[in-house]
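Step one of this worksheet: look at the structure below.
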Amino acid sequence: MEVIQHEFNISYDLGKSDCFKRRISVHEALCDSIDTRTALEQLRELVSDANKYINSKNELNGQLVWNISSYVSRILGVFGVTLSSAGADGSQSDDVLLPLCQVVADLREKLRGLSREPSTDVKELQMKQLQLCDDIRDSLLPPLGVRLEDREGRAPSIKIVDPEELKKEIAAKKAAEEEKRMEKQKKKQAADAKAAQEKAKVMEPPEEMFRTAEYSAWDGTTGIPTHDAKGEEITKSQGKKLAKLQEAYRKKYDKWLQQQQQA
């Protein structure tokens with residue numbers, strides 16, 4: 001009993017109450033003529049408590065989670081159930097640990113390399129570190145069957161899944177990103193083509209913009225119409241509207257003219 005309390009005697013509000021009590025209940029059930037049903041029910045509740053803890057805390061007590069995992073694996077081993085490649089004592093086989101250790105070693109080496117670059121400024125270093133974080137999530141862990149999901153303002157979610165499933169997910173994600181990139185590039189090309197077309201477009205001087213069949217006479221200086229097509233004189237209000245239109249057009253014309261001179 002002292003060993004049980006020692007493993008779960010960790011500063012954690014649920015760890016010192018619910019988790020400890022669950023394990024005591026499992027122990028008592030096994031001592032009660034091996035009450036398998038009650039033992040497994042309490043074990044299930046322990047796993048449920050652990051999942052709630054993992055999903056609700058920003059910073060996890062890794063030792064506590066490991067103790068719970070090891071205990072669950074050991075008890076299930078008593079009933080003849082082995083979890084994945086873990087043994088009844090929670091140990092992992094070399095074919096799982098070695099690749100994971102290699103990922104950690106490679107990560108360490110890359111971080112050391114970044115710290116040794118003399119010409120790297122702070123912003124560039126931050127960008128490289130973020131890229132390295134993405135590489136860990138998208139390239140290094142998936143082949144090991146580890147799905148790492150970022151959660152805003154919370155600890156990341158870690159799940160063990162089929163590597164082939166992760167491979168398909170990553171391929172689909174890359175395809176979607178490529179499609180999005182191509183669509184963005186297509187829109188940019190269309191915008192550039194439109195801009196080039198506008199630039200190549202020949203604009204007539206503001207004084208000539210009203211020289212159409214709608215009018216029959218124009219001011220000799222400004223080019224603003226004085227008479228409509230029927231020969232009737234343009235009213236003052238109409239003249240003001242035409243002057244405003246001409247002024248707005250003049251700004252565009254001046255901008256276009258400046259671009260032509262710079263080209």
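By order in the structure tokens, chains are A, B, ...; within a chain, residues start at 1; ligands start at 1, following the order shown.
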Item to check | Nearby residues (only C-alpha atoms) at most 12 Å from stretch 174-181 of chain A, same-chain spacing under 6 positions excluded, as a PyMOL selection string | outcome: chain A and resi 138-139+167-168+187-188
Resulting file, chosen residues, C-alpha atoms, as an mmCIF file, in the first residue's frame:
data_model
loop_
_atom_site.group_PDB
_atom_site.id
_atom_site.type_symbol
_atom_site.label_atom_id
_atom_site.label_comp_id
_atom_site.auth_asym_id
_atom_site.auth_seq_id
_atom_site.Cartn_x
_atom_site.Cartn_y
_atom_site.Cartn_z
ATOM 1 C CA ASP A 138 4.786 16.675 -40.222
ATOM 2 C CA SER A 139 7.875 14.649 -41.177
ATOM 3 C CA LYS A 167 0.783 9.146 -44.409
ATOM 4 C CA LYS A 168 -2.540 9.500 -46.228
ATOM 5 C CA LYS A 187 -5.402 34.953 -59.025
ATOM 6 C CA LYS A 188 -2.105 36.823 -58.854
#
Next on the checklist: Report as a list of chain:residue names all protein, DNA and RNA residues lying within 12 Å of stretch 98-107 of chain A, evaluated on only C-alpha atoms, omitting residues in the same chain fewer than 2 positions from it.
Outcome noted: A:Gln92, A:Ser93, A:Asp94, A:Asp95, A:Val96, A:Glu109, A:Lys110, A:Leu111, A:Arg112, A:Gly113, A:Leu114, A:Gln129, A:Gln131, A:Leu132, A:Cys133, A:Asp134, A:Asp135, A:Ile136, A:Arg137, A:Ser139, A:Leu140, A:Leu141, A:Pro142, A:Pro143, A:Leu144, A:Gly145, A:Val146
Could the residues in this selection be saved with N, CA and C atoms as a compact mmCIF listing (two decimals), in the first residue's frame?
# COMPACT_ATOMS: atom_id res chain seq x y z
N GLN A 92 9.01 -0.52 -23.26
CA GLN A 92 8.83 -0.46 -24.70
C GLN A 92 9.94 -1.23 -25.39
N SER A 93 9.59 -1.87 -26.50
CA SER A 93 10.58 -2.63 -27.25
C SER A 93 11.50 -1.69 -28.01
N ASP A 94 12.67 -2.21 -28.39
CA ASP A 94 13.66 -1.38 -29.06
C ASP A 94 13.18 -0.85 -30.40
N ASP A 95 12.32 -1.61 -31.10
CA ASP A 95 11.88 -1.17 -32.42
C ASP A 95 10.99 0.07 -32.33
N VAL A 96 10.51 0.41 -31.15
CA VAL A 96 9.74 1.63 -30.96
C VAL A 96 10.61 2.73 -30.38
N GLU A 109 20.71 17.78 -32.68
CA GLU A 109 21.81 18.17 -33.55
C GLU A 109 21.44 19.40 -34.38
N LYS A 110 20.20 19.45 -34.84
CA LYS A 110 19.76 20.60 -35.64
C LYS A 110 19.71 21.86 -34.78
N LEU A 111 19.26 21.73 -33.55
CA LEU A 111 19.23 22.88 -32.65
C LEU A 111 20.64 23.38 -32.35
N ARG A 112 21.55 22.46 -32.18
CA ARG A 112 22.95 22.84 -31.95
C ARG A 112 23.50 23.56 -33.17
N GLY A 113 23.13 23.06 -34.36
CA GLY A 113 23.59 23.70 -35.58
C GLY A 113 23.07 25.12 -35.72
N LEU A 114 21.80 25.33 -35.35
CA LEU A 114 21.22 26.67 -35.42
C LEU A 114 21.93 27.63 -34.47
N GLN A 129 13.47 27.90 -36.18
CA GLN A 129 12.99 27.07 -35.08
C GLN A 129 11.54 26.64 -35.30
N GLN A 131 10.09 26.37 -38.20
CA GLN A 131 10.10 25.40 -39.30
C GLN A 131 10.52 24.02 -38.80
N LEU A 132 11.46 24.01 -37.87
CA LEU A 132 11.90 22.75 -37.29
C LEU A 132 10.76 22.10 -36.50
N CYS A 133 9.99 22.91 -35.80
CA CYS A 133 8.82 22.39 -35.07
C CYS A 133 7.82 21.76 -36.04
N ASP A 134 7.61 22.41 -37.18
CA ASP A 134 6.69 21.86 -38.18
C ASP A 134 7.23 20.56 -38.77
N ASP A 135 8.55 20.50 -38.97
CA ASP A 135 9.16 19.28 -39.51
C ASP A 135 8.98 18.11 -38.54
N ILE A 136 9.09 18.39 -37.26
CA ILE A 136 8.90 17.33 -36.26
C ILE A 136 7.48 16.79 -36.34
N ARG A 137 6.52 17.70 -36.44
CA ARG A 137 5.11 17.31 -36.48
C ARG A 137 4.74 16.62 -37.79
N SER A 139 6.96 15.54 -40.47
CA SER A 139 7.88 14.65 -41.18
C SER A 139 8.52 13.58 -40.29
N LEU A 140 8.91 13.96 -39.08
CA LEU A 140 9.68 13.04 -38.25
C LEU A 140 8.81 12.07 -37.45
N LEU A 141 7.73 12.57 -36.86
CA LEU A 141 6.90 11.72 -36.00
C LEU A 141 5.91 10.83 -36.75
N PRO A 142 5.29 11.29 -37.85
CA PRO A 142 4.31 10.45 -38.54
C PRO A 142 4.79 9.05 -38.93
N PRO A 143 6.03 8.88 -39.44
CA PRO A 143 6.47 7.52 -39.77
C PRO A 143 6.51 6.59 -38.55
N LEU A 144 6.56 7.17 -37.36
CA LEU A 144 6.56 6.37 -36.13
C LEU A 144 5.15 6.13 -35.61
N GLY A 145 4.15 6.66 -36.35
CA GLY A 145 2.77 6.48 -35.92
C GLY A 145 2.35 7.45 -34.83
N VAL A 146 3.01 8.60 -34.77
CA VAL A 146 2.70 9.60 -33.74
C VAL A 146 2.06 10.81 -34.40
Next on the checklist: Set the distance at 10 Å and use only C-alpha atoms: which residues neighbour stretch 208-218 of chain A once local chain neighbours fewer than 6 positions away are removed? I'd like the list as a PyMOL selection string.
Outcome noted: chain A and resi 224-234+242+245-246+249-250
Could you write those residues out with N, CA and C atoms, as an mmCIF file, in the first residue's frame?
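Output file selection_23.cif is given in full below:
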data_model
loop_
_atom_site.group_PDB
_atom_site.id
_atom_site.type_symbol
_atom_site.label_atom_id
_atom_site.label_comp_id
_atom_site.auth_asym_id
_atom_site.auth_seq_id
_atom_site.Cartn_x
_atom_site.Cartn_y
_atom_site.Cartn_z
ATOM 1 N N ILE A 224 -15.321 70.809 -71.682
ATOM 2 C CA ILE A 224 -16.605 70.447 -71.086
ATOM 3 C C ILE A 224 -17.727 70.864 -72.043
ATOM 4 N N PRO A 225 -18.692 70.001 -72.296
ATOM 5 C CA PRO A 225 -19.784 70.312 -73.236
ATOM 6 C C PRO A 225 -20.574 71.557 -72.819
ATOM 7 N N THR A 226 -20.952 72.330 -73.827
ATOM 8 C CA THR A 226 -21.805 73.503 -73.584
ATOM 9 C C THR A 226 -23.201 73.303 -74.154
ATOM 10 N N HIS A 227 -23.323 72.386 -75.134
ATOM 11 C CA HIS A 227 -24.623 72.103 -75.743
ATOM 12 C C HIS A 227 -24.749 70.596 -75.974
ATOM 13 N N ASP A 228 -25.960 70.096 -75.815
ATOM 14 C CA ASP A 228 -26.175 68.665 -76.032
ATOM 15 C C ASP A 228 -26.324 68.373 -77.515
ATOM 16 N N ALA A 229 -26.660 67.115 -77.840
ATOM 17 C CA ALA A 229 -26.734 66.697 -79.242
ATOM 18 C C ALA A 229 -27.822 67.438 -80.009
ATOM 19 N N LYS A 230 -28.863 67.899 -79.312
ATOM 20 C CA LYS A 230 -29.956 68.618 -79.965
ATOM 21 C C LYS A 230 -29.660 70.109 -80.107
ATOM 22 N N GLY A 231 -28.517 70.533 -79.599
ATOM 23 C CA GLY A 231 -28.153 71.935 -79.692
ATOM 24 C C GLY A 231 -28.637 72.760 -78.526
ATOM 25 N N GLU A 232 -29.256 72.115 -77.544
ATOM 26 C CA GLU A 232 -29.734 72.848 -76.381
ATOM 27 C C GLU A 232 -28.585 73.069 -75.396
ATOM 28 N N GLU A 233 -28.593 74.237 -74.760
ATOM 29 C CA GLU A 233 -27.499 74.606 -73.866
ATOM 30 C C GLU A 233 -27.509 73.742 -72.603
ATOM 31 N N ILE A 234 -26.321 73.350 -72.179
ATOM 32 C CA ILE A 234 -26.167 72.561 -70.953
ATOM 33 C C ILE A 234 -26.438 73.455 -69.751
ATOM 34 N N LEU A 242 -20.587 67.415 -64.974
ATOM 35 C CA LEU A 242 -19.597 67.050 -65.988
ATOM 36 C C LEU A 242 -18.195 67.472 -65.561
ATOM 37 N N LEU A 245 -16.925 64.926 -63.064
ATOM 38 C CA LEU A 245 -16.519 63.706 -63.761
ATOM 39 C C LEU A 245 -15.167 63.893 -64.434
ATOM 40 N N GLN A 246 -14.985 65.069 -65.022
ATOM 41 C CA GLN A 246 -13.721 65.342 -65.697
ATOM 42 C C GLN A 246 -12.566 65.409 -64.698
ATOM 43 N N TYR A 249 -11.629 61.948 -63.639
ATOM 44 C CA TYR A 249 -10.917 61.299 -64.743
ATOM 45 C C TYR A 249 -9.508 61.858 -64.886
ATOM 46 N N ARG A 250 -9.349 63.156 -64.622
ATOM 47 C CA ARG A 250 -8.046 63.795 -64.765
ATOM 48 C C ARG A 250 -7.019 63.172 -63.807
#
Checklist entry - What is the atom CA of A:Arg44-atom CA of A:Gly80 distance in Å, reported with one decimal? => result 16.3 Å
Checklist entry - How far is it from atom CA of A:Val202 to atom CA of A:Gln260, in Å with one decimal? => result 9.7 Å
Next on the checklist: As an exercise, work out the distance from atom CA of A:Ala155 to atom CA of A:Tyr71 in Å and give it to one decimal place.
Outcome noted: 23.4 Å
Next on the checklist: To test your reading of the structure, identify every residue in stretch 126-251 of chain A that backbone DSSP assigns to strand (DSSP E), and report it as an NGL selection string.
Outcome noted: :A and (146-151 or 154-160 or 215-218 or 225-228)
Item to check | alpha helix (DSSP H) positions in stretch 199-246 of chain A, given as number ranges by chain | outcome: A: 199-200, 236-246
Dump as a PDB file, in the first residue's frame, selection limited to N, CA and C atoms:
ATOM      1  N   LYS A 199      -2.156  49.297 -67.762  1.00  0.00           N
ATOM      2  CA  LYS A 199      -0.983  50.125 -68.001  1.00  0.00           C
ATOM      3  C   LYS A 199      -0.781  50.388 -69.488  1.00  0.00           C
ATOM      4  N   ALA A 200      -1.084  49.362 -70.285  1.00  0.00           N
ATOM      5  CA  ALA A 200      -0.895  49.493 -71.731  1.00  0.00           C
ATOM      6  C   ALA A 200      -2.033  50.259 -72.401  1.00  0.00           C
ATOM      7  N   LYS A 236     -26.413  74.777 -65.754  1.00  0.00           N
ATOM      8  CA  LYS A 236     -25.302  74.937 -64.815  1.00  0.00           C
ATOM      9  C   LYS A 236     -25.101  73.677 -63.961  1.00  0.00           C
ATOM     10  N   SER A 237     -26.220  73.085 -63.514  1.00  0.00           N
ATOM     11  CA  SER A 237     -26.104  71.875 -62.684  1.00  0.00           C
ATOM     12  C   SER A 237     -25.488  70.730 -63.476  1.00  0.00           C
ATOM     13  N   GLN A 238     -25.886  70.606 -64.749  1.00  0.00           N
ATOM     14  CA  GLN A 238     -25.298  69.565 -65.594  1.00  0.00           C
ATOM     15  C   GLN A 238     -23.817  69.846 -65.832  1.00  0.00           C
ATOM     16  N   GLY A 239     -23.499  71.120 -66.015  1.00  0.00           N
ATOM     17  CA  GLY A 239     -22.108  71.494 -66.238  1.00  0.00           C
ATOM     18  C   GLY A 239     -21.233  71.160 -65.038  1.00  0.00           C
ATOM     19  N   LYS A 240     -21.773  71.377 -63.817  1.00  0.00           N
ATOM     20  CA  LYS A 240     -21.012  71.054 -62.605  1.00  0.00           C
ATOM     21  C   LYS A 240     -20.760  69.550 -62.497  1.00  0.00           C
ATOM     22  N   LYS A 241     -21.778  68.753 -62.831  1.00  0.00           N
ATOM     23  CA  LYS A 241     -21.617  67.299 -62.788  1.00  0.00           C
ATOM     24  C   LYS A 241     -20.551  66.837 -63.775  1.00  0.00           C
ATOM     25  N   LEU A 242     -20.587  67.415 -64.974  1.00  0.00           N
ATOM     26  CA  LEU A 242     -19.597  67.050 -65.988  1.00  0.00           C
ATOM     27  C   LEU A 242     -18.195  67.472 -65.561  1.00  0.00           C
ATOM     28  N   ALA A 243     -18.104  68.613 -64.884  1.00  0.00           N
ATOM     29  CA  ALA A 243     -16.799  69.090 -64.411  1.00  0.00           C
ATOM     30  C   ALA A 243     -16.232  68.152 -63.348  1.00  0.00           C
ATOM     31  N   LYS A 244     -17.111  67.643 -62.459  1.00  0.00           N
ATOM     32  CA  LYS A 244     -16.668  66.697 -61.432  1.00  0.00           C
ATOM     33  C   LYS A 244     -16.189  65.395 -62.061  1.00  0.00           C
ATOM     34  N   LEU A 245     -16.925  64.926 -63.064  1.00  0.00           N
ATOM     35  CA  LEU A 245     -16.519  63.706 -63.761  1.00  0.00           C
ATOM     36  C   LEU A 245     -15.167  63.893 -64.434  1.00  0.00           C
ATOM     37  N   GLN A 246     -14.985  65.069 -65.022  1.00  0.00           N
ATOM     38  CA  GLN A 246     -13.721  65.342 -65.697  1.00  0.00           C
ATOM     39  C   GLN A 246     -12.566  65.409 -64.698  1.00  0.00           C
TER      40      GLN A 246
END
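Close contacts of A:Glu28, defined as residues with an atom at most 12 Å away when counting only C-alpha atoms, with chain neighbours fewer than 5 positions off set aside, comprise Met1, Lys21, Arg22, Arg23, Ser33, Ile34, Asp35, Thr36, Thr38, Ala39, Leu40 and Gln42 of chain A.
Proximity of A:Tyr253, A:Asn61, A:Asp219, A:Asp192 to A:Pro205, computed with only C-alpha atoms, is greatest for A:Tyr253.
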Checklist entry - Which one of A:Ile24, A:Val81, A:Ala190, A:Cys19 sits closest to A:Lys52 if you count only C-alpha atoms? => result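 Of A:Ile24, A:Val81, A:Ala190, A:Cys19, the one nearest A:Lys52, counting only C-alpha atoms, is A:Cys19.
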